[in-house]
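Structure first, then comments.
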Amino acid sequence: MKPIIPAVKQSSATSLPYPDNYFDAAITDPPYYDNVPYSYLSDFFYVWLKRTIGDLYPELFATPLTPKAEEIVAYSNGEGGFEAGKKFFEETITKAFKEIHRVLKPDGIACIVFAHKSTEAWETIINALLNSGLYLTASWPVHTEMKARLRASESAALASSIYMVCRKRTKSETAYFNEIKPQIEARIKEKLDQFWNENIGGSDFFISAIGPAMEVFGKYESVEKLSGEKVSAKELLEFIRKSVSEYALTKILKSPQLGDIDEETRFYLLWRWTYNGTPVHFDDARKLAQAVGVEITEQWGNGFIKKDKEYISVLDAHARGKKFLEKGELKTMIDALHASLLYWEQNDRKAIAELLEKTGYLNNNAFWQVAQAISEVLPEGDKEKQMIQGLLYGKESYGKGKVDKYQRKLFEEGL
Ligand SMILES: C[S@@+](CC[C@H](N)C(=O)[O-])C[C@H]1O[C@@H](n2cnc3c(N)ncnc32)[C@H](O)[C@@H]1O
């Protein structure tokens, strides 16, 4: 057999020096939106390489520093700020994907890797894929990041990259969103069952649902609403989030019934499971809240959700603290649970019993299920986890005071 000699070429991904229908496969690890300023980092090495091996590869070292204009990246420090950066990234990555489409044989395969925790970044990738004529036939979250790095960064970083296997779209069908929603949901659930069993959690769980949804959505050249308007990537992502939230909540609660649990409580549970104590960028926080019907801006200053610059934190019982107890406002299940936990910490069993009786949660299954679920999603050693475990331990005894009081009354009345 004749040996195959590989040819290595350097060019911009936005204009590949190859003819149409040329490759069986294109495999790429493109820039992840704004994650790394590659060209600026490269300058550090470039200036030395230019001096040492520049004469061997003059065409690669023609410029004094690395070329910046064609770099596919979302820089937000230029004119037009964040929006302009996002637009530039989307346009240039679309160009690159269109090039992949062009050079691939009709039955060729493209494998594209992507990782980013923000939905903004995913929006751009989805749009680029849809506009390139490629569609997803399979996707897989692959654990690629090291734990130490994740912890060091202290952000809601992803542990997984998503490997997307794509093919050229051959049909040009249109579908109505309402008609394909059940198919999208079914596909998401099927894959999530698998991911759940493989312990994929947190922000990775939301992101890994994008691929399965795109497998259905991307089959069509255009997906429309009843009004005839095209469904945007943003709308698709909103739908995915909603489906994933419902799925995750029923799984965490081990119950298909969410009806008895108010929206703030669902939000709290989902937040702890997804991000726990990490401050999260406002935009992502808002999207998670929206998926369960909570408007985050309405919650500022109420001592439950805190905004610090553009980051959002959700307070646990301890952080809500004394002030919250003094206010005595218990609007939701999570309020009642947090108040009970604070009383538990003060060893005030009487106050817990009264509160549970007053709110009707004493014999409310959903309330105890939520408490149990929150304790399960919190990590070992977490303060709130310990408090909930303590509260749950005494569960059977909180109703006893009531009986005692009643019996005392009967006794006093001489009955
Ligand atoms: C996620 S990194 C790939 C890292 C690679 N897999 C590795 O392990 O070294 C994305 C790369 O795309 C490069 N890039 C950005 N714009 C490009 C363009 N227009 N054409 C080709 N490459 C580009 C970046 O410089 C960066 O090296």
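Residue numbering restarts at 1 in every chain; chains get A, B, ... in the order shown in the structure tokens, and ligands count up from 1 in that same order.
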
task: Write out as a ChimeraX atom specification each polymer residue whose atoms come within 9 Å of region 24-36 of chain A, counting only C-alpha atoms; drop sequence neighbours fewer than 6 positions from it.
output: /A:71-76,85-86,89-90,93,100,103-116,121-122,124-125

- request: DSSP on the backbone, then: every residue of region 168-415 of chain A marked strand (DSSP E or B), written as a PyMOL selection string.
  value: chain A and resi 168+174-176+222-224+230+280-281+300+305-308+311-314

Same residues, N, CA and C atoms, output as a PDB file, in the first residue's frame:
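Produced file result-v9.pdb, reproduced below:
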```
ATOM      1  N   LYS A 168     -24.219  17.611   5.710  1.00  0.00           N
ATOM      2  CA  LYS A 168     -24.805  18.622   4.838  1.00  0.00           C
ATOM      3  C   LYS A 168     -26.316  18.397   4.758  1.00  0.00           C
ATOM      4  N   THR A 174     -39.657  23.114   5.384  1.00  0.00           N
ATOM      5  CA  THR A 174     -40.026  24.076   6.422  1.00  0.00           C
ATOM      6  C   THR A 174     -40.931  23.355   7.415  1.00  0.00           C
ATOM      7  N   ALA A 175     -40.795  23.698   8.688  1.00  0.00           N
ATOM      8  CA  ALA A 175     -41.685  23.087   9.686  1.00  0.00           C
ATOM      9  C   ALA A 175     -42.251  24.167  10.583  1.00  0.00           C
ATOM     10  N   TYR A 176     -43.385  23.862  11.217  1.00  0.00           N
ATOM     11  CA  TYR A 176     -43.923  24.775  12.223  1.00  0.00           C
ATOM     12  C   TYR A 176     -43.387  24.368  13.585  1.00  0.00           C
ATOM     13  N   SER A 222     -35.982  25.864   7.513  1.00  0.00           N
ATOM     14  CA  SER A 222     -36.588  26.965   8.242  1.00  0.00           C
ATOM     15  C   SER A 222     -37.658  26.419   9.180  1.00  0.00           C
ATOM     16  N   VAL A 223     -37.667  26.925  10.404  1.00  0.00           N
ATOM     17  CA  VAL A 223     -38.734  26.569  11.345  1.00  0.00           C
ATOM     18  C   VAL A 223     -39.494  27.853  11.652  1.00  0.00           C
ATOM     19  N   GLU A 224     -40.802  27.780  11.479  1.00  0.00           N
ATOM     20  CA  GLU A 224     -41.594  29.009  11.589  1.00  0.00           C
ATOM     21  C   GLU A 224     -42.647  28.938  12.687  1.00  0.00           C
ATOM     22  N   LYS A 230     -39.824  33.434  11.299  1.00  0.00           N
ATOM     23  CA  LYS A 230     -38.831  32.394  11.582  1.00  0.00           C
ATOM     24  C   LYS A 230     -38.559  32.287  13.082  1.00  0.00           C
ATOM     25  N   VAL A 280     -23.357  34.305  39.257  1.00  0.00           N
ATOM     26  CA  VAL A 280     -23.582  33.998  37.839  1.00  0.00           C
ATOM     27  C   VAL A 280     -23.900  35.286  37.091  1.00  0.00           C
ATOM     28  N   HIS A 281     -23.412  35.376  35.884  1.00  0.00           N
ATOM     29  CA  HIS A 281     -23.655  36.574  35.090  1.00  0.00           C
ATOM     30  C   HIS A 281     -25.161  36.824  34.974  1.00  0.00           C
ATOM     31  N   TRP A 300     -34.987  41.934  43.133  1.00  0.00           N
ATOM     32  CA  TRP A 300     -33.857  42.642  43.725  1.00  0.00           C
ATOM     33  C   TRP A 300     -34.279  43.402  44.964  1.00  0.00           C
ATOM     34  N   ILE A 305     -32.545  37.479  46.238  1.00  0.00           N
ATOM     35  CA  ILE A 305     -31.627  37.484  45.103  1.00  0.00           C
ATOM     36  C   ILE A 305     -30.803  38.763  45.183  1.00  0.00           C
ATOM     37  N   LYS A 306     -29.494  38.594  45.065  1.00  0.00           N
ATOM     38  CA  LYS A 306     -28.608  39.748  45.237  1.00  0.00           C
ATOM     39  C   LYS A 306     -27.857  40.030  43.950  1.00  0.00           C
ATOM     40  N   LYS A 307     -27.749  41.328  43.622  1.00  0.00           N
ATOM     41  CA  LYS A 307     -26.990  41.696  42.417  1.00  0.00           C
ATOM     42  C   LYS A 307     -25.740  42.452  42.863  1.00  0.00           C
ATOM     43  N   ASP A 308     -24.614  41.994  42.352  1.00  0.00           N
ATOM     44  CA  ASP A 308     -23.364  42.683  42.648  1.00  0.00           C
ATOM     45  C   ASP A 308     -22.694  42.957  41.315  1.00  0.00           C
ATOM     46  N   TYR A 311     -23.183  40.516  38.404  1.00  0.00           N
ATOM     47  CA  TYR A 311     -23.314  39.135  38.868  1.00  0.00           C
ATOM     48  C   TYR A 311     -24.456  38.945  39.867  1.00  0.00           C
ATOM     49  N   ILE A 312     -25.092  37.804  39.758  1.00  0.00           N
ATOM     50  CA  ILE A 312     -26.249  37.508  40.597  1.00  0.00           C
ATOM     51  C   ILE A 312     -25.916  36.360  41.545  1.00  0.00           C
ATOM     52  N   SER A 313     -26.307  36.524  42.820  1.00  0.00           N
ATOM     53  CA  SER A 313     -26.194  35.412  43.763  1.00  0.00           C
ATOM     54  C   SER A 313     -27.571  35.176  44.371  1.00  0.00           C
ATOM     55  N   VAL A 314     -27.810  33.947  44.739  1.00  0.00           N
ATOM     56  CA  VAL A 314     -29.073  33.626  45.400  1.00  0.00           C
ATOM     57  C   VAL A 314     -28.743  33.251  46.846  1.00  0.00           C
TER      58      VAL A 314
END
```

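Separating CA of Leu49 (chain A) from CA of Ala96 (chain A) is a distance of 27.1 Å.
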
- prompt: So which bits of region 157-367 of chain A end up helix (DSSP H, G or I) when you DSSP the backbone, as a ChimeraX atom specification?
  reply: /A:177-197,202-208,210-217,233-253,263-274,282-291,296-299,317-327,333-345,349-359,365-367

- prompt: Contacts of Leu136 (chain A) at 12 Å or less, counting only C-alpha atoms, minus same-chain residues fewer than 4 places along, as a PyMOL selection string?
  reply: chain A and resi 109-113+125-126+129-130+132+140+162-169+210-220

Write the residues of the preceding selection, restricted to C-alpha atoms, as a short mmCIF file (atom, residue, chain, number, x, y, z; two decimals), in the first residue's frame.
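Once everything was written out, this is part.cif:
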```cif
data_model
loop_
_atom_site.label_atom_id
_atom_site.label_comp_id
_atom_site.auth_asym_id
_atom_site.auth_seq_id
_atom_site.Cartn_x
_atom_site.Cartn_y
_atom_site.Cartn_z
CA ILE A 109 -19.04 14.50 8.01
CA ALA A 110 -18.07 17.57 10.00
CA CYS A 111 -17.13 17.34 13.66
CA ILE A 112 -17.24 20.63 15.49
CA VAL A 113 -16.25 21.06 19.13
CA ILE A 125 -23.11 28.93 17.11
CA ILE A 126 -26.66 27.75 16.49
CA LEU A 129 -24.81 26.21 11.90
CA LEU A 130 -28.34 26.87 10.68
CA SER A 132 -24.21 27.25 6.92
CA TRP A 140 -21.95 14.34 22.87
CA ILE A 162 -19.83 19.41 23.23
CA TYR A 163 -18.78 17.37 20.21
CA MET A 164 -21.21 18.03 17.39
CA VAL A 165 -21.33 15.69 14.43
CA CYS A 166 -22.85 17.43 11.41
CA ARG A 167 -23.78 16.62 7.84
CA LYS A 168 -24.81 18.62 4.84
CA ARG A 169 -28.54 19.32 4.79
CA ILE A 210 -28.76 21.89 22.94
CA GLY A 211 -27.34 19.21 20.67
CA PRO A 212 -30.32 16.82 20.88
CA ALA A 213 -32.71 19.73 20.27
CA MET A 214 -30.71 20.86 17.27
CA GLU A 215 -30.82 17.34 15.84
CA VAL A 216 -34.55 17.83 15.33
CA PHE A 217 -34.66 21.59 14.71
CA GLY A 218 -31.74 21.71 12.25
CA LYS A 219 -33.23 19.10 9.92
CA TYR A 220 -35.40 21.87 8.54
#
```

Selection near Tyr398 (chain A), 12 Å with only C-alpha atoms, sequence-local residues under 2 positions removed, as JSON, numbers by chain: {"A": [340, 344, 348, 349, 350, 351, 352, 353, 354, 355, 356, 357, 361, 362, 363, 391, 392, 393, 394, 395, 396, 400, 401, 402, 403, 404]}

Write a file of the just-selected residues containing N, CA and C atoms, as a PDB file, in the first residue's frame.
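What follows is the written file again_11.pdb:
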```
ATOM      1  N   SER A 340     -37.779  28.240  58.772  1.00  0.00           N
ATOM      2  CA  SER A 340     -37.717  27.061  59.657  1.00  0.00           C
ATOM      3  C   SER A 340     -36.268  26.719  59.979  1.00  0.00           C
ATOM      4  N   TRP A 344     -34.494  26.559  63.466  1.00  0.00           N
ATOM      5  CA  TRP A 344     -33.821  25.320  63.876  1.00  0.00           C
ATOM      6  C   TRP A 344     -32.450  25.647  64.448  1.00  0.00           C
ATOM      7  N   ASP A 348     -35.245  26.758  68.276  1.00  0.00           N
ATOM      8  CA  ASP A 348     -36.580  27.207  68.667  1.00  0.00           C
ATOM      9  C   ASP A 348     -37.640  26.303  68.028  1.00  0.00           C
ATOM     10  N   ARG A 349     -37.842  25.173  68.616  1.00  0.00           N
ATOM     11  CA  ARG A 349     -38.759  24.177  68.048  1.00  0.00           C
ATOM     12  C   ARG A 349     -40.198  24.691  68.032  1.00  0.00           C
ATOM     13  N   LYS A 350     -40.501  25.498  69.031  1.00  0.00           N
ATOM     14  CA  LYS A 350     -41.868  26.013  69.138  1.00  0.00           C
ATOM     15  C   LYS A 350     -42.170  26.886  67.923  1.00  0.00           C
ATOM     16  N   ALA A 351     -41.190  27.734  67.584  1.00  0.00           N
ATOM     17  CA  ALA A 351     -41.400  28.627  66.432  1.00  0.00           C
ATOM     18  C   ALA A 351     -41.549  27.815  65.141  1.00  0.00           C
ATOM     19  N   ILE A 352     -40.772  26.736  65.020  1.00  0.00           N
ATOM     20  CA  ILE A 352     -40.878  25.895  63.810  1.00  0.00           C
ATOM     21  C   ILE A 352     -42.286  25.299  63.751  1.00  0.00           C
ATOM     22  N   ALA A 353     -42.721  24.733  64.868  1.00  0.00           N
ATOM     23  CA  ALA A 353     -44.041  24.091  64.898  1.00  0.00           C
ATOM     24  C   ALA A 353     -45.129  25.092  64.524  1.00  0.00           C
ATOM     25  N   GLU A 354     -45.035  26.280  65.087  1.00  0.00           N
ATOM     26  CA  GLU A 354     -46.059  27.308  64.803  1.00  0.00           C
ATOM     27  C   GLU A 354     -46.047  27.700  63.339  1.00  0.00           C
ATOM     28  N   LEU A 355     -44.839  27.892  62.841  1.00  0.00           N
ATOM     29  CA  LEU A 355     -44.704  28.310  61.440  1.00  0.00           C
ATOM     30  C   LEU A 355     -45.283  27.242  60.501  1.00  0.00           C
ATOM     31  N   LEU A 356     -44.931  26.001  60.747  1.00  0.00           N
ATOM     32  CA  LEU A 356     -45.388  24.932  59.853  1.00  0.00           C
ATOM     33  C   LEU A 356     -46.903  24.759  59.938  1.00  0.00           C
ATOM     34  N   GLU A 357     -47.414  24.996  61.114  1.00  0.00           N
ATOM     35  CA  GLU A 357     -48.861  24.867  61.294  1.00  0.00           C
ATOM     36  C   GLU A 357     -49.583  26.009  60.572  1.00  0.00           C
ATOM     37  N   TYR A 361     -47.664  23.727  56.005  1.00  0.00           N
ATOM     38  CA  TYR A 361     -46.639  22.854  55.420  1.00  0.00           C
ATOM     39  C   TYR A 361     -46.344  21.613  56.259  1.00  0.00           C
ATOM     40  N   LEU A 362     -46.851  21.630  57.501  1.00  0.00           N
ATOM     41  CA  LEU A 362     -46.517  20.527  58.396  1.00  0.00           C
ATOM     42  C   LEU A 362     -46.796  19.166  57.748  1.00  0.00           C
ATOM     43  N   ASN A 363     -47.970  19.056  57.139  1.00  0.00           N
ATOM     44  CA  ASN A 363     -48.300  17.773  56.507  1.00  0.00           C
ATOM     45  C   ASN A 363     -48.332  17.875  54.994  1.00  0.00           C
ATOM     46  N   LEU A 391     -33.285  19.774  60.440  1.00  0.00           N
ATOM     47  CA  LEU A 391     -34.735  20.045  60.420  1.00  0.00           C
ATOM     48  C   LEU A 391     -35.511  18.764  60.088  1.00  0.00           C
ATOM     49  N   LEU A 392     -35.004  18.044  59.089  1.00  0.00           N
ATOM     50  CA  LEU A 392     -35.690  16.819  58.659  1.00  0.00           C
ATOM     51  C   LEU A 392     -35.684  15.768  59.771  1.00  0.00           C
ATOM     52  N   TYR A 393     -34.610  15.752  60.530  1.00  0.00           N
ATOM     53  CA  TYR A 393     -34.480  14.783  61.600  1.00  0.00           C
ATOM     54  C   TYR A 393     -35.609  14.927  62.621  1.00  0.00           C
ATOM     55  N   GLY A 394     -35.995  16.170  62.860  1.00  0.00           N
ATOM     56  CA  GLY A 394     -37.034  16.405  63.873  1.00  0.00           C
ATOM     57  C   GLY A 394     -38.437  16.421  63.294  1.00  0.00           C
ATOM     58  N   LYS A 395     -38.565  16.121  62.024  1.00  0.00           N
ATOM     59  CA  LYS A 395     -39.834  16.275  61.305  1.00  0.00           C
ATOM     60  C   LYS A 395     -41.055  15.734  62.062  1.00  0.00           C
ATOM     61  N   GLU A 396     -40.940  14.523  62.559  1.00  0.00           N
ATOM     62  CA  GLU A 396     -42.097  13.886  63.188  1.00  0.00           C
ATOM     63  C   GLU A 396     -42.557  14.613  64.446  1.00  0.00           C
ATOM     64  N   LYS A 400     -46.277  17.573  67.223  1.00  0.00           N
ATOM     65  CA  LYS A 400     -46.663  17.085  68.553  1.00  0.00           C
ATOM     66  C   LYS A 400     -47.175  18.195  69.453  1.00  0.00           C
ATOM     67  N   GLY A 401     -46.564  19.369  69.348  1.00  0.00           N
ATOM     68  CA  GLY A 401     -46.952  20.505  70.189  1.00  0.00           C
ATOM     69  C   GLY A 401     -48.429  20.764  70.065  1.00  0.00           C
ATOM     70  N   LYS A 402     -48.923  20.637  68.825  1.00  0.00           N
ATOM     71  CA  LYS A 402     -50.320  20.918  68.548  1.00  0.00           C
ATOM     72  C   LYS A 402     -51.222  19.958  69.325  1.00  0.00           C
ATOM     73  N   VAL A 403     -50.855  18.676  69.288  1.00  0.00           N
ATOM     74  CA  VAL A 403     -51.644  17.668  69.979  1.00  0.00           C
ATOM     75  C   VAL A 403     -51.626  17.960  71.489  1.00  0.00           C
ATOM     76  N   ASP A 404     -50.428  18.270  71.941  1.00  0.00           N
ATOM     77  CA  ASP A 404     -50.304  18.548  73.375  1.00  0.00           C
ATOM     78  C   ASP A 404     -51.220  19.689  73.793  1.00  0.00           C
TER      79      ASP A 404
END
```

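The space between CA of Glu179 (chain A) and CA of Thr137 (chain A) spans 19.8 Å.
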